Amino acid sequence: MLAPAAGAMAAPAGPIELAPRAGDTYTGIEAINDHGTVVGESYPRETRILYHPMKWSAAGEATALPTLGGALGQAVAVNQADVVVGVADDAQGAQRAARWAADGTVTELATPGVGGGADAISDTGRIVGSFYDGTFSHALLWERDGTVRELPGLPGGGSTWADEITPDGRVVAGTADDAGGDTHVVRWDERGRITDLTPEGEYGRVVGISRDGTITGSITIGGNHVAKRWDPSGRVVTLGGTEAPSSGYASGISDNGTVVGIVDPDFGGSYATRWDRVGRPTYLPSDTRNAAANAINRAGTIVGQAEGVGAKWAPDGTRTRLEPLPGHTSAAALLINSRGVTAGMSYGDVWHGVIWR
């Protein structure tokens, strides 16, 4: 069994609160870009959760984004031009795919039916998402001018979902059901042609895509979840320590294909883990088990959680504690941009998104 890599502890870092809109109580985060713009949602303290789309600057300044006339919405992705995508209700209460320009102006993204949503946007303005026709989900791609096309599925299959797109907009990753109902990880190229990446799997899941189109996620075989990385060349790498009888999962990928996540080798608690290009795991320093690595940037800096607070690991293993807000008891770092700005959550009686700089 691998031991955690040695590493020093850096000085703790204090958070910047990402406040809710007026009258709300909680905030959640979904994405960050290299300017430090964070997007997510704000919602009130009540039994019936009412999400509202939000955007925060790198300094923590909050902006409530408009819906399409309804009560609900969520911002889920942002590109380097500060264009945001997600979902928003219209005046009739139907969920629609939405795009917010950098100035906050909202536009509905056309879909062949109701129940649509946008999940990712490239730096070139291409957007991917899906809509539901009452029976199946259909993966969609919107061009910058708003024109939309459906991405093809597997032969004889049902639902498709588009989850990730490369910054240049040329490669899309997602999942598609086969004729037997199993869900496969798939890749669509710039022309929309589909490639089945997991013909042997029973269930696939995508969690990230790198700049060159390398995809990471997991497949289920015989009830066991195995973390994988799929290279553009077609090479498939199994991430060590996630095969039975151990467990684990991938949660993020860097531009050079380094993957991060967790491994639980003996069901005694998880190690925050980094996998190299051939899938060899390294456990990141933590004084206790139940640590997690959630994201990695192009410089190799990793963020996650360790010992109940946020954690940032430098490439040499040095760990920085990322503290919760005053009065809160725990925190988790979830996102990091290329400049090292980190976003996550702080938990107490209420929970708020935060930025650590």
# chains A, B, ... in the order shown; residues from 1 in each chain; ligands from 1
call {"tool": "select_by_dssp", "arguments": {"residues": "range 182-282 of chain A", "states": "strand (DSSP E)", "output": "PyMOL selection string"}}
result
chain A and resi 183-188+194-196+203-209+215-221+224-230+236-238+247-253+259-264+271-275+281-282
call {"tool": "closest_atom_pairs", "arguments": {"of": "range 139-188 of chain A", "to": "range 197-221 of chain A", "cutoff": "9 Å", "atoms": "only C-alpha atoms", "output": "Markdown table"}}
result
| residue | atom | partner | partner_atom | distance |
| --- | --- | --- | --- | --- |
| A:Asp163 | CA | A:Val206 | CA | 7.1 |
| A:Glu164 | CA | A:Ile209 | CA | 6.4 |
| A:Ile165 | CA | A:Ile209 | CA | 7.0 |
| A:Thr166 | CA | A:Arg211 | CA | 5.5 |
| A:Pro167 | CA | A:Arg211 | CA | 6.1 |
| A:Asp168 | CA | A:Arg211 | CA | 7.7 |
| A:Arg170 | CA | A:Gly213 | CA | 8.3 |
| A:Val171 | CA | A:Gly213 | CA | 6.0 |
| A:Val172 | CA | A:Gly213 | CA | 8.0 |
| A:Ala173 | CA | A:Val206 | CA | 7.1 |
| A:Gly174 | CA | A:Val206 | CA | 6.1 |
| A:Thr175 | CA | A:Gly204 | CA | 6.8 |
| A:Ala176 | CA | A:Gly204 | CA | 8.7 |
| A:Asp177 | CA | A:Tyr203 | CA | 8.9 |
| A:Gly181 | CA | A:Glu202 | CA | 8.7 |
| A:Asp182 | CA | A:Glu202 | CA | 5.1 |
| A:Thr183 | CA | A:Tyr203 | CA | 4.6 |
| A:His184 | CA | A:Gly204 | CA | 4.9 |
| A:Val185 | CA | A:Gly204 | CA | 5.1 |
| A:Val186 | CA | A:Leu197 | CA | 5.2 |
| A:Arg187 | CA | A:Leu197 | CA | 7.1 |
call {"tool": "closest_residue", "arguments": {"among": "A:Arg126, A:Arg235, A:His138, A:Arg357", "to": "Thr320 in chain A", "atoms": "only C-alpha atoms"}}
result
A:Arg357
call {"tool": "residues_around", "arguments": {"residues": "Lys55 in chain A", "least_positions_apart": "5", "cutoff": "12 Å", "atoms": "only C-alpha atoms", "output": "short mmCIF file (atom, residue, chain, number, x, y, z; two decimals) with all heavy atoms, in the first residue's frame"}}
result
data_model
loop_
_atom_site.label_atom_id
_atom_site.label_comp_id
_atom_site.auth_asym_id
_atom_site.auth_seq_id
_atom_site.Cartn_x
_atom_site.Cartn_y
_atom_site.Cartn_z
N LEU A 18 -18.61 34.49 -0.65
CA LEU A 18 -19.45 34.70 -1.82
C LEU A 18 -20.89 34.76 -1.33
O LEU A 18 -21.55 33.75 -1.09
CB LEU A 18 -19.26 33.57 -2.84
CG LEU A 18 -17.82 33.38 -3.34
CD1 LEU A 18 -17.74 32.25 -4.35
CD2 LEU A 18 -17.28 34.67 -3.95
N ALA A 19 -21.37 35.97 -1.14
CA ALA A 19 -22.64 36.20 -0.46
C ALA A 19 -23.82 35.89 -1.36
O ALA A 19 -23.74 35.98 -2.58
CB ALA A 19 -22.72 37.65 0.02
N PRO A 20 -24.98 35.55 -0.76
CA PRO A 20 -26.20 35.32 -1.53
C PRO A 20 -26.82 36.63 -1.99
O PRO A 20 -26.44 37.72 -1.53
CB PRO A 20 -27.10 34.59 -0.54
CG PRO A 20 -26.65 35.08 0.80
CD PRO A 20 -25.17 35.30 0.69
N ARG A 21 -27.79 36.55 -2.86
CA ARG A 21 -28.55 37.73 -3.25
C ARG A 21 -29.40 38.19 -2.06
O ARG A 21 -29.61 37.44 -1.11
CB ARG A 21 -29.43 37.45 -4.47
CG ARG A 21 -30.54 36.46 -4.22
CD ARG A 21 -31.47 36.34 -5.42
NE ARG A 21 -32.53 35.38 -5.15
CZ ARG A 21 -33.68 35.33 -5.79
NH1 ARG A 21 -33.95 36.22 -6.74
NH2 ARG A 21 -34.58 34.42 -5.50
N THR A 27 -25.36 29.90 -0.55
CA THR A 27 -24.83 29.95 -1.90
C THR A 27 -24.08 28.65 -2.19
O THR A 27 -23.58 27.97 -1.29
CB THR A 27 -23.86 31.13 -2.12
OG1 THR A 27 -22.76 31.05 -1.20
CG2 THR A 27 -24.57 32.45 -1.93
N GLY A 28 -24.03 28.31 -3.47
CA GLY A 28 -23.25 27.18 -3.95
C GLY A 28 -22.46 27.58 -5.17
O GLY A 28 -22.83 28.53 -5.87
N ILE A 29 -21.37 26.89 -5.45
CA ILE A 29 -20.52 27.24 -6.58
C ILE A 29 -20.46 26.08 -7.57
O ILE A 29 -20.58 24.93 -7.19
CB ILE A 29 -19.10 27.63 -6.14
CG1 ILE A 29 -18.38 26.44 -5.50
CG2 ILE A 29 -19.13 28.80 -5.17
CD1 ILE A 29 -16.89 26.62 -5.41
N GLU A 30 -20.24 26.44 -8.85
CA GLU A 30 -20.20 25.43 -9.90
C GLU A 30 -18.95 25.52 -10.78
O GLU A 30 -18.47 24.49 -11.24
CB GLU A 30 -21.45 25.55 -10.79
CG GLU A 30 -22.77 25.47 -10.06
CD GLU A 30 -23.04 24.12 -9.43
OE1 GLU A 30 -22.45 23.12 -9.88
OE2 GLU A 30 -23.84 24.07 -8.48
N ALA A 31 -18.42 26.73 -11.02
CA ALA A 31 -17.30 26.86 -11.96
C ALA A 31 -16.54 28.15 -11.69
O ALA A 31 -17.08 29.10 -11.10
CB ALA A 31 -17.80 26.84 -13.40
N ILE A 32 -15.28 28.20 -12.15
CA ILE A 32 -14.43 29.38 -12.04
C ILE A 32 -13.63 29.52 -13.33
O ILE A 32 -13.26 28.51 -13.95
CB ILE A 32 -13.48 29.28 -10.82
CG1 ILE A 32 -12.72 30.59 -10.58
CG2 ILE A 32 -12.51 28.12 -10.96
CD1 ILE A 32 -11.92 30.60 -9.28
N ASN A 33 -13.35 30.75 -13.76
CA ASN A 33 -12.46 30.94 -14.91
C ASN A 33 -11.15 31.59 -14.46
O ASN A 33 -10.94 31.84 -13.27
CB ASN A 33 -13.16 31.74 -16.02
CG ASN A 33 -13.44 33.19 -15.65
OD1 ASN A 33 -12.94 33.72 -14.65
ND2 ASN A 33 -14.26 33.86 -16.46
N GLY A 36 -10.95 34.65 -12.25
CA GLY A 36 -11.46 34.49 -10.89
C GLY A 36 -12.95 34.66 -10.78
O GLY A 36 -13.50 34.67 -9.67
N THR A 37 -13.65 34.79 -11.91
CA THR A 37 -15.11 34.85 -11.90
C THR A 37 -15.66 33.48 -11.51
O THR A 37 -15.27 32.46 -12.09
CB THR A 37 -15.66 35.24 -13.28
OG1 THR A 37 -15.14 36.52 -13.64
CG2 THR A 37 -17.19 35.28 -13.26
N VAL A 38 -16.55 33.47 -10.54
CA VAL A 38 -17.17 32.23 -10.05
C VAL A 38 -18.66 32.30 -10.36
O VAL A 38 -19.29 33.35 -10.22
CB VAL A 38 -16.95 32.05 -8.54
CG1 VAL A 38 -17.64 30.80 -8.02
CG2 VAL A 38 -15.46 32.00 -8.22
N VAL A 39 -19.24 31.17 -10.75
CA VAL A 39 -20.68 31.10 -10.99
C VAL A 39 -21.29 29.97 -10.18
O VAL A 39 -20.62 29.00 -9.82
CB VAL A 39 -21.02 30.93 -12.49
CG1 VAL A 39 -20.51 32.10 -13.28
CG2 VAL A 39 -20.47 29.61 -13.03
N GLY A 40 -22.58 30.13 -9.90
CA GLY A 40 -23.27 29.13 -9.11
C GLY A 40 -24.70 29.54 -8.86
O GLY A 40 -25.39 30.01 -9.76
N GLU A 41 -25.12 29.42 -7.60
CA GLU A 41 -26.52 29.68 -7.26
C GLU A 41 -26.64 30.23 -5.85
O GLU A 41 -25.76 30.06 -5.01
CB GLU A 41 -27.36 28.40 -7.38
CG GLU A 41 -26.94 27.26 -6.48
CD GLU A 41 -25.78 26.44 -7.02
OE1 GLU A 41 -25.53 26.48 -8.23
OE2 GLU A 41 -25.09 25.76 -6.22
N SER A 42 -27.77 30.91 -5.62
CA SER A 42 -28.17 31.42 -4.32
C SER A 42 -29.56 30.89 -4.03
O SER A 42 -30.38 30.74 -4.95
CB SER A 42 -28.19 32.95 -4.37
OG SER A 42 -28.80 33.52 -3.23
N GLY A 60 -15.17 38.92 -4.85
CA GLY A 60 -16.33 38.48 -4.11
C GLY A 60 -17.59 39.31 -4.35
O GLY A 60 -18.61 39.08 -3.71
N GLU A 61 -17.55 40.26 -5.28
CA GLU A 61 -18.73 41.07 -5.57
C GLU A 61 -19.80 40.21 -6.23
O GLU A 61 -19.54 39.54 -7.25
CB GLU A 61 -18.37 42.24 -6.48
CG GLU A 61 -19.56 43.12 -6.85
CD GLU A 61 -19.17 44.24 -7.80
OE1 GLU A 61 -17.97 44.32 -8.16
OE2 GLU A 61 -20.06 45.02 -8.18
N ALA A 62 -21.02 40.22 -5.68
CA ALA A 62 -22.08 39.33 -6.14
C ALA A 62 -22.98 40.01 -7.16
O ALA A 62 -23.32 41.19 -7.02
CB ALA A 62 -22.92 38.87 -4.95
N THR A 63 -23.38 39.24 -8.18
CA THR A 63 -24.35 39.70 -9.17
C THR A 63 -25.41 38.62 -9.33
O THR A 63 -25.08 37.47 -9.66
CB THR A 63 -23.69 39.96 -10.53
OG1 THR A 63 -22.69 40.96 -10.39
CG2 THR A 63 -24.72 40.39 -11.56
N ALA A 64 -26.66 38.96 -9.10
CA ALA A 64 -27.77 38.04 -9.35
C ALA A 64 -28.11 38.10 -10.83
O ALA A 64 -28.45 39.15 -11.36
CB ALA A 64 -28.98 38.42 -8.51
N LEU A 65 -28.00 36.96 -11.51
CA LEU A 65 -28.28 36.91 -12.94
C LEU A 65 -29.79 36.73 -13.18
O LEU A 65 -30.46 36.06 -12.40
CB LEU A 65 -27.51 35.75 -13.59
CG LEU A 65 -25.99 35.85 -13.51
CD1 LEU A 65 -25.35 34.56 -14.00
CD2 LEU A 65 -25.48 37.04 -14.31
N PRO A 66 -30.32 37.32 -14.24
CA PRO A 66 -31.75 37.19 -14.49
C PRO A 66 -32.13 35.80 -14.98
O PRO A 66 -31.31 35.10 -15.58
CB PRO A 66 -32.02 38.23 -15.58
CG PRO A 66 -30.71 38.35 -16.30
CD PRO A 66 -29.65 38.17 -15.25
N GLN A 74 -29.92 28.34 -12.51
CA GLN A 74 -28.61 27.95 -11.99
C GLN A 74 -27.57 28.21 -13.06
O GLN A 74 -27.76 27.84 -14.22
CB GLN A 74 -28.61 26.48 -11.60
CG GLN A 74 -27.33 26.00 -10.95
CD GLN A 74 -27.39 24.54 -10.57
OE1 GLN A 74 -27.97 23.72 -11.28
NE2 GLN A 74 -26.81 24.19 -9.44
N ALA A 75 -26.47 28.86 -12.68
CA ALA A 75 -25.33 29.07 -13.56
C ALA A 75 -24.33 27.95 -13.32
O ALA A 75 -23.91 27.74 -12.18
CB ALA A 75 -24.69 30.43 -13.28
N VAL A 76 -23.95 27.22 -14.37
CA VAL A 76 -23.14 26.02 -14.16
C VAL A 76 -21.77 26.08 -14.80
O VAL A 76 -20.89 25.27 -14.46
CB VAL A 76 -23.88 24.77 -14.64
CG1 VAL A 76 -25.20 24.60 -13.90
CG2 VAL A 76 -24.13 24.79 -16.14
N ALA A 77 -21.53 26.99 -15.75
CA ALA A 77 -20.22 27.05 -16.40
C ALA A 77 -19.95 28.47 -16.88
O ALA A 77 -20.88 29.24 -17.15
CB ALA A 77 -20.16 26.08 -17.58
N VAL A 78 -18.64 28.82 -16.98
CA VAL A 78 -18.24 30.14 -17.44
C VAL A 78 -16.96 30.01 -18.24
O VAL A 78 -16.06 29.24 -17.89
CB VAL A 78 -18.04 31.11 -16.24
CG1 VAL A 78 -17.01 30.59 -15.26
CG2 VAL A 78 -17.69 32.51 -16.70
N ASP A 82 -16.07 35.47 -19.76
CA ASP A 82 -17.10 35.71 -18.73
C ASP A 82 -18.51 35.44 -19.24
O ASP A 82 -19.48 35.94 -18.67
CB ASP A 82 -17.02 37.13 -18.17
CG ASP A 82 -16.04 37.22 -17.00
OD1 ASP A 82 -15.44 36.19 -16.65
OD2 ASP A 82 -15.87 38.31 -16.44
N VAL A 83 -18.65 34.66 -20.31
CA VAL A 83 -19.96 34.21 -20.77
C VAL A 83 -20.37 33.00 -19.94
O VAL A 83 -19.58 32.06 -19.77
CB VAL A 83 -19.97 33.87 -22.26
CG1 VAL A 83 -21.35 33.39 -22.70
CG2 VAL A 83 -19.54 35.08 -23.08
N VAL A 84 -21.58 33.03 -19.41
CA VAL A 84 -22.06 32.02 -18.47
C VAL A 84 -23.19 31.22 -19.11
O VAL A 84 -23.99 31.77 -19.88
CB VAL A 84 -22.58 32.70 -17.18
CG1 VAL A 84 -23.10 31.68 -16.17
CG2 VAL A 84 -21.47 33.56 -16.56
N VAL A 85 -23.27 29.92 -18.80
CA VAL A 85 -24.38 29.11 -19.28
C VAL A 85 -24.96 28.30 -18.13
O VAL A 85 -24.31 28.08 -17.10
CB VAL A 85 -23.97 28.16 -20.43
CG1 VAL A 85 -23.53 28.94 -21.64
CG2 VAL A 85 -22.89 27.18 -19.98
N GLY A 86 -26.19 27.84 -18.32
CA GLY A 86 -26.85 27.03 -17.31
C GLY A 86 -28.30 26.81 -17.66
O GLY A 86 -28.64 26.59 -18.83
N TRP A 100 -25.80 33.66 -20.51
CA TRP A 100 -25.70 35.03 -20.02
C TRP A 100 -24.44 35.66 -20.61
O TRP A 100 -23.32 35.12 -20.43
CB TRP A 100 -25.63 35.08 -18.51
CG TRP A 100 -26.90 34.67 -17.81
CD1 TRP A 100 -27.95 35.49 -17.44
CD2 TRP A 100 -27.26 33.35 -17.37
NE1 TRP A 100 -28.92 34.76 -16.80
CE2 TRP A 100 -28.53 33.45 -16.75
CE3 TRP A 100 -26.64 32.10 -17.44
CZ2 TRP A 100 -29.18 32.34 -16.21
CZ3 TRP A 100 -27.28 30.99 -16.92
CH2 TRP A 100 -28.55 31.12 -16.32
N ALA A 101 -24.57 36.79 -21.29
CA ALA A 101 -23.42 37.52 -21.79
C ALA A 101 -22.62 38.08 -20.62
O ALA A 101 -23.08 38.08 -19.47
CB ALA A 101 -23.87 38.63 -22.71
N ALA A 102 -21.44 38.60 -20.91
CA ALA A 102 -20.58 39.14 -19.84
C ALA A 102 -21.26 40.27 -19.08
O ALA A 102 -20.99 40.47 -17.89
CB ALA A 102 -19.26 39.61 -20.43
N ASP A 103 -22.17 40.99 -19.73
CA ASP A 103 -22.87 42.08 -19.05
C ASP A 103 -24.11 41.59 -18.30
O ASP A 103 -24.85 42.41 -17.74
CB ASP A 103 -23.25 43.18 -20.04
CG ASP A 103 -24.28 42.72 -21.09
OD1 ASP A 103 -24.73 41.55 -21.04
OD2 ASP A 103 -24.63 43.55 -21.96
N GLY A 104 -24.38 40.30 -18.30
CA GLY A 104 -25.50 39.73 -17.57
C GLY A 104 -26.76 39.54 -18.38
O GLY A 104 -27.73 38.95 -17.88
N GLY A 353 -20.44 29.78 -0.58
CA GLY A 353 -19.25 29.67 -1.41
C GLY A 353 -18.19 30.66 -0.93
O GLY A 353 -18.51 31.71 -0.37
#
call {"tool": "residues_around", "arguments": {"residues": "Tyr43 in chain A", "least_positions_apart": "4", "cutoff": "7 Å", "atoms": "only C-alpha atoms", "output": "PyMOL selection string"}}
result
chain A and resi 24-27+49-52
call {"tool": "write_last_selection", "arguments": {"atoms": "all heavy atoms", "output": "PDB file, in the first residue's frame"}}
result
ATOM      1  N   ASP A  24     -31.736  35.998   0.466  1.00  0.00           N
ATOM      2  CA  ASP A  24     -31.394  34.577   0.464  1.00  0.00           C
ATOM      3  C   ASP A  24     -30.428  34.244   1.595  1.00  0.00           C
ATOM      4  O   ASP A  24     -29.894  35.136   2.268  1.00  0.00           O
ATOM      5  CB  ASP A  24     -30.791  34.174  -0.879  1.00  0.00           C
ATOM      6  CG  ASP A  24     -31.840  33.963  -1.951  1.00  0.00           C
ATOM      7  OD1 ASP A  24     -33.035  34.031  -1.625  1.00  0.00           O
ATOM      8  OD2 ASP A  24     -31.457  33.735  -3.122  1.00  0.00           O
ATOM      9  N   THR A  25     -30.166  32.939   1.779  1.00  0.00           N
ATOM     10  CA  THR A  25     -29.357  32.475   2.904  1.00  0.00           C
ATOM     11  C   THR A  25     -28.109  31.715   2.480  1.00  0.00           C
ATOM     12  O   THR A  25     -27.049  31.888   3.059  1.00  0.00           O
ATOM     13  CB  THR A  25     -30.203  31.554   3.816  1.00  0.00           C
ATOM     14  OG1 THR A  25     -31.372  32.255   4.238  1.00  0.00           O
ATOM     15  CG2 THR A  25     -29.423  31.115   5.048  1.00  0.00           C
ATOM     16  N   TYR A  26     -28.233  30.863   1.473  1.00  0.00           N
ATOM     17  CA  TYR A  26     -27.142  29.956   1.099  1.00  0.00           C
ATOM     18  C   TYR A  26     -26.605  30.301  -0.288  1.00  0.00           C
ATOM     19  O   TYR A  26     -27.323  30.870  -1.115  1.00  0.00           O
ATOM     20  CB  TYR A  26     -27.635  28.507   1.062  1.00  0.00           C
ATOM     21  CG  TYR A  26     -28.309  28.017   2.313  1.00  0.00           C
ATOM     22  CD1 TYR A  26     -29.693  28.019   2.423  1.00  0.00           C
ATOM     23  CD2 TYR A  26     -27.560  27.535   3.379  1.00  0.00           C
ATOM     24  CE1 TYR A  26     -30.323  27.549   3.571  1.00  0.00           C
ATOM     25  CE2 TYR A  26     -28.182  27.055   4.531  1.00  0.00           C
ATOM     26  CZ  TYR A  26     -29.568  27.066   4.614  1.00  0.00           C
ATOM     27  OH  TYR A  26     -30.187  26.608   5.745  1.00  0.00           O
ATOM     28  N   THR A  27     -25.364  29.903  -0.547  1.00  0.00           N
ATOM     29  CA  THR A  27     -24.825  29.946  -1.903  1.00  0.00           C
ATOM     30  C   THR A  27     -24.080  28.647  -2.189  1.00  0.00           C
ATOM     31  O   THR A  27     -23.580  27.974  -1.286  1.00  0.00           O
ATOM     32  CB  THR A  27     -23.858  31.129  -2.119  1.00  0.00           C
ATOM     33  OG1 THR A  27     -22.758  31.047  -1.196  1.00  0.00           O
ATOM     34  CG2 THR A  27     -24.571  32.450  -1.935  1.00  0.00           C
ATOM     35  N   ILE A  49     -36.722  24.501  -1.980  1.00  0.00           N
ATOM     36  CA  ILE A  49     -35.506  25.180  -2.423  1.00  0.00           C
ATOM     37  C   ILE A  49     -35.764  25.927  -3.730  1.00  0.00           C
ATOM     38  O   ILE A  49     -36.297  25.379  -4.694  1.00  0.00           O
ATOM     39  CB  ILE A  49     -34.368  24.168  -2.608  1.00  0.00           C
ATOM     40  CG1 ILE A  49     -34.039  23.480  -1.285  1.00  0.00           C
ATOM     41  CG2 ILE A  49     -33.133  24.840  -3.176  1.00  0.00           C
ATOM     42  CD1 ILE A  49     -33.592  24.410  -0.194  1.00  0.00           C
ATOM     43  N   LEU A  50     -35.371  27.192  -3.768  1.00  0.00           N
ATOM     44  CA  LEU A  50     -35.531  28.037  -4.943  1.00  0.00           C
ATOM     45  C   LEU A  50     -34.150  28.532  -5.380  1.00  0.00           C
ATOM     46  O   LEU A  50     -33.634  29.509  -4.851  1.00  0.00           O
ATOM     47  CB  LEU A  50     -36.455  29.220  -4.642  1.00  0.00           C
ATOM     48  CG  LEU A  50     -37.895  28.876  -4.230  1.00  0.00           C
ATOM     49  CD1 LEU A  50     -38.642  30.144  -3.795  1.00  0.00           C
ATOM     50  CD2 LEU A  50     -38.645  28.208  -5.377  1.00  0.00           C
ATOM     51  N   TYR A  51     -33.543  27.841  -6.322  1.00  0.00           N
ATOM     52  CA  TYR A  51     -32.235  28.252  -6.807  1.00  0.00           C
ATOM     53  C   TYR A  51     -32.343  29.488  -7.688  1.00  0.00           C
ATOM     54  O   TYR A  51     -33.286  29.631  -8.457  1.00  0.00           O
ATOM     55  CB  TYR A  51     -31.590  27.133  -7.630  1.00  0.00           C
ATOM     56  CG  TYR A  51     -31.173  25.934  -6.831  1.00  0.00           C
ATOM     57  CD1 TYR A  51     -31.990  24.821  -6.726  1.00  0.00           C
ATOM     58  CD2 TYR A  51     -29.947  25.911  -6.183  1.00  0.00           C
ATOM     59  CE1 TYR A  51     -31.605  23.697  -6.000  1.00  0.00           C
ATOM     60  CE2 TYR A  51     -29.543  24.811  -5.457  1.00  0.00           C
ATOM     61  CZ  TYR A  51     -30.376  23.702  -5.366  1.00  0.00           C
ATOM     62  OH  TYR A  51     -29.985  22.613  -4.654  1.00  0.00           O
ATOM     63  N   HIS A  52     -31.337  30.380  -7.582  1.00  0.00           N
ATOM     64  CA  HIS A  52     -31.278  31.546  -8.451  1.00  0.00           C
ATOM     65  C   HIS A  52     -29.854  31.665  -8.984  1.00  0.00           C
ATOM     66  O   HIS A  52     -28.883  31.518  -8.235  1.00  0.00           O
ATOM     67  CB  HIS A  52     -31.643  32.822  -7.692  1.00  0.00           C
ATOM     68  CG  HIS A  52     -31.859  33.987  -8.602  1.00  0.00           C
ATOM     69  ND1 HIS A  52     -33.088  34.278  -9.159  1.00  0.00           N
ATOM     70  CD2 HIS A  52     -30.990  34.909  -9.094  1.00  0.00           C
ATOM     71  CE1 HIS A  52     -32.974  35.331  -9.940  1.00  0.00           C
ATOM     72  NE2 HIS A  52     -31.711  35.737  -9.921  1.00  0.00           N
TER      73      HIS A  52
END
call {"tool": "atom_distance", "arguments": {"atom1": "CA of Pro315 in chain A", "atom2": "CA of Ile262 in chain A"}}
result
17.0 Å
call {"tool": "residues_around", "arguments": {"residues": "Ala299 in chain A", "least_positions_apart": "6", "cutoff": "10 Å", "atoms": "only C-alpha atoms", "output": "short mmCIF file (atom, residue, chain, number, x, y, z; two decimals) with all heavy atoms, in the first residue's frame"}}
result
data_model
loop_
_atom_site.label_atom_id
_atom_site.label_comp_id
_atom_site.auth_asym_id
_atom_site.auth_seq_id
_atom_site.Cartn_x
_atom_site.Cartn_y
_atom_site.Cartn_z
N SER A 254 -5.83 17.81 -15.30
CA SER A 254 -5.07 18.99 -15.70
C SER A 254 -4.87 19.00 -17.21
O SER A 254 -5.20 18.04 -17.91
CB SER A 254 -3.71 19.01 -15.01
OG SER A 254 -2.87 18.00 -15.55
N ASP A 255 -4.27 20.08 -17.72
CA ASP A 255 -4.03 20.18 -19.16
C ASP A 255 -3.08 19.11 -19.67
O ASP A 255 -3.13 18.74 -20.84
CB ASP A 255 -3.46 21.56 -19.50
CG ASP A 255 -4.53 22.63 -19.48
OD1 ASP A 255 -5.73 22.28 -19.46
OD2 ASP A 255 -4.18 23.83 -19.49
N ASN A 256 -2.18 18.60 -18.80
CA ASN A 256 -1.23 17.58 -19.26
C ASN A 256 -1.70 16.16 -18.98
O ASN A 256 -0.94 15.20 -19.16
CB ASN A 256 0.15 17.81 -18.65
CG ASN A 256 0.20 17.52 -17.15
OD1 ASN A 256 -0.81 17.14 -16.56
ND2 ASN A 256 1.36 17.69 -16.56
N ALA A 314 0.82 22.10 -3.27
CA ALA A 314 1.73 22.54 -4.32
C ALA A 314 2.29 21.30 -5.03
O ALA A 314 2.22 20.19 -4.51
CB ALA A 314 2.86 23.37 -3.73
N PRO A 315 2.86 21.46 -6.23
CA PRO A 315 3.42 20.30 -6.93
C PRO A 315 4.45 19.53 -6.12
O PRO A 315 4.60 18.31 -6.31
CB PRO A 315 4.05 20.92 -8.18
CG PRO A 315 3.23 22.14 -8.44
CD PRO A 315 2.88 22.67 -7.07
N ASN A 337 -8.22 27.85 -10.58
CA ASN A 337 -7.93 28.31 -11.93
C ASN A 337 -6.43 28.30 -12.19
O ASN A 337 -5.63 27.92 -11.32
CB ASN A 337 -8.57 29.67 -12.20
CG ASN A 337 -7.95 30.82 -11.41
OD1 ASN A 337 -6.88 30.69 -10.82
ND2 ASN A 337 -8.62 31.97 -11.40
N SER A 338 -6.02 28.75 -13.39
CA SER A 338 -4.61 28.66 -13.77
C SER A 338 -3.72 29.57 -12.95
O SER A 338 -2.51 29.37 -12.88
CB SER A 338 -4.46 28.99 -15.25
OG SER A 338 -4.81 30.34 -15.50
N ARG A 339 -4.30 30.59 -12.30
CA ARG A 339 -3.53 31.52 -11.47
C ARG A 339 -3.50 31.10 -10.01
O ARG A 339 -2.97 31.82 -9.17
CB ARG A 339 -4.13 32.92 -11.61
CG ARG A 339 -4.12 33.44 -13.03
CD ARG A 339 -4.79 34.79 -13.15
NE ARG A 339 -4.80 35.26 -14.54
CZ ARG A 339 -5.33 36.38 -14.96
NH1 ARG A 339 -5.95 37.17 -14.08
NH2 ARG A 339 -5.29 36.72 -16.23
N GLY A 340 -4.09 29.97 -9.69
CA GLY A 340 -4.07 29.47 -8.32
C GLY A 340 -5.19 29.97 -7.45
O GLY A 340 -5.26 29.63 -6.26
#
call {"tool": "closest_residue", "arguments": {"among": "A:Arg277, A:His328, A:Ala94, A:Val128", "to": "Gly115 in chain A", "atoms": "only C-alpha atoms"}}
result
A:Ala94
call {"tool": "closest_residue", "arguments": {"among": "A:Gly14, A:Met9, A:Asp287, A:Leu239", "to": "Thr342 in chain A", "atoms": "only C-alpha atoms"}}
result
A:Gly14
call {"tool": "closest_residue", "arguments": {"among": "A:Ser346, A:Thr238, A:Thr318, A:Thr288", "to": "Ala10 in chain A", "atoms": "only C-alpha atoms"}}
result
A:Thr318
call {"tool": "residues_around", "arguments": {"residues": "Trp313 in chain A", "least_positions_apart": "6", "cutoff": "12 Å", "atoms": "only C-alpha atoms", "output": "number ranges by chain"}}
result
A: 5-10, 260, 272-274, 283-286, 291-297, 299-306, 319-322, 333, 336, 340, 342
call {"tool": "atom_distance", "arguments": {"atom1": "CA of Arg298 in chain A", "atom2": "CA of Ala118 in chain A"}}
result
25.1 Å
call {"tool": "decode", "arguments": {"residues": "range 239-243 of chain A", "atoms": "N, CA and C atoms", "output": "mmCIF file, in the first residue's frame"}}
result
data_model
loop_
_atom_site.group_PDB
_atom_site.id
_atom_site.type_symbol
_atom_site.label_atom_id
_atom_site.label_comp_id
_atom_site.auth_asym_id
_atom_site.auth_seq_id
_atom_site.Cartn_x
_atom_site.Cartn_y
_atom_site.Cartn_z
ATOM 1 N N LEU A 239 -6.751 3.905 -13.651
ATOM 2 C CA LEU A 239 -6.103 4.642 -12.575
ATOM 3 C C LEU A 239 -5.907 3.716 -11.388
ATOM 4 N N GLY A 240 -4.648 3.524 -11.037
ATOM 5 C CA GLY A 240 -4.272 2.534 -10.037
ATOM 6 C C GLY A 240 -4.915 2.770 -8.677
ATOM 7 N N GLY A 241 -5.296 1.667 -8.024
ATOM 8 C CA GLY A 241 -5.887 1.722 -6.700
ATOM 9 C C GLY A 241 -7.397 1.787 -6.698
ATOM 10 N N THR A 242 -8.008 1.905 -7.902
ATOM 11 C CA THR A 242 -9.459 1.984 -7.956
ATOM 12 C C THR A 242 -10.110 0.658 -8.367
ATOM 13 N N GLU A 243 -9.285 -0.337 -8.716
ATOM 14 C CA GLU A 243 -9.850 -1.621 -9.088
ATOM 15 C C GLU A 243 -10.251 -2.399 -7.841
#
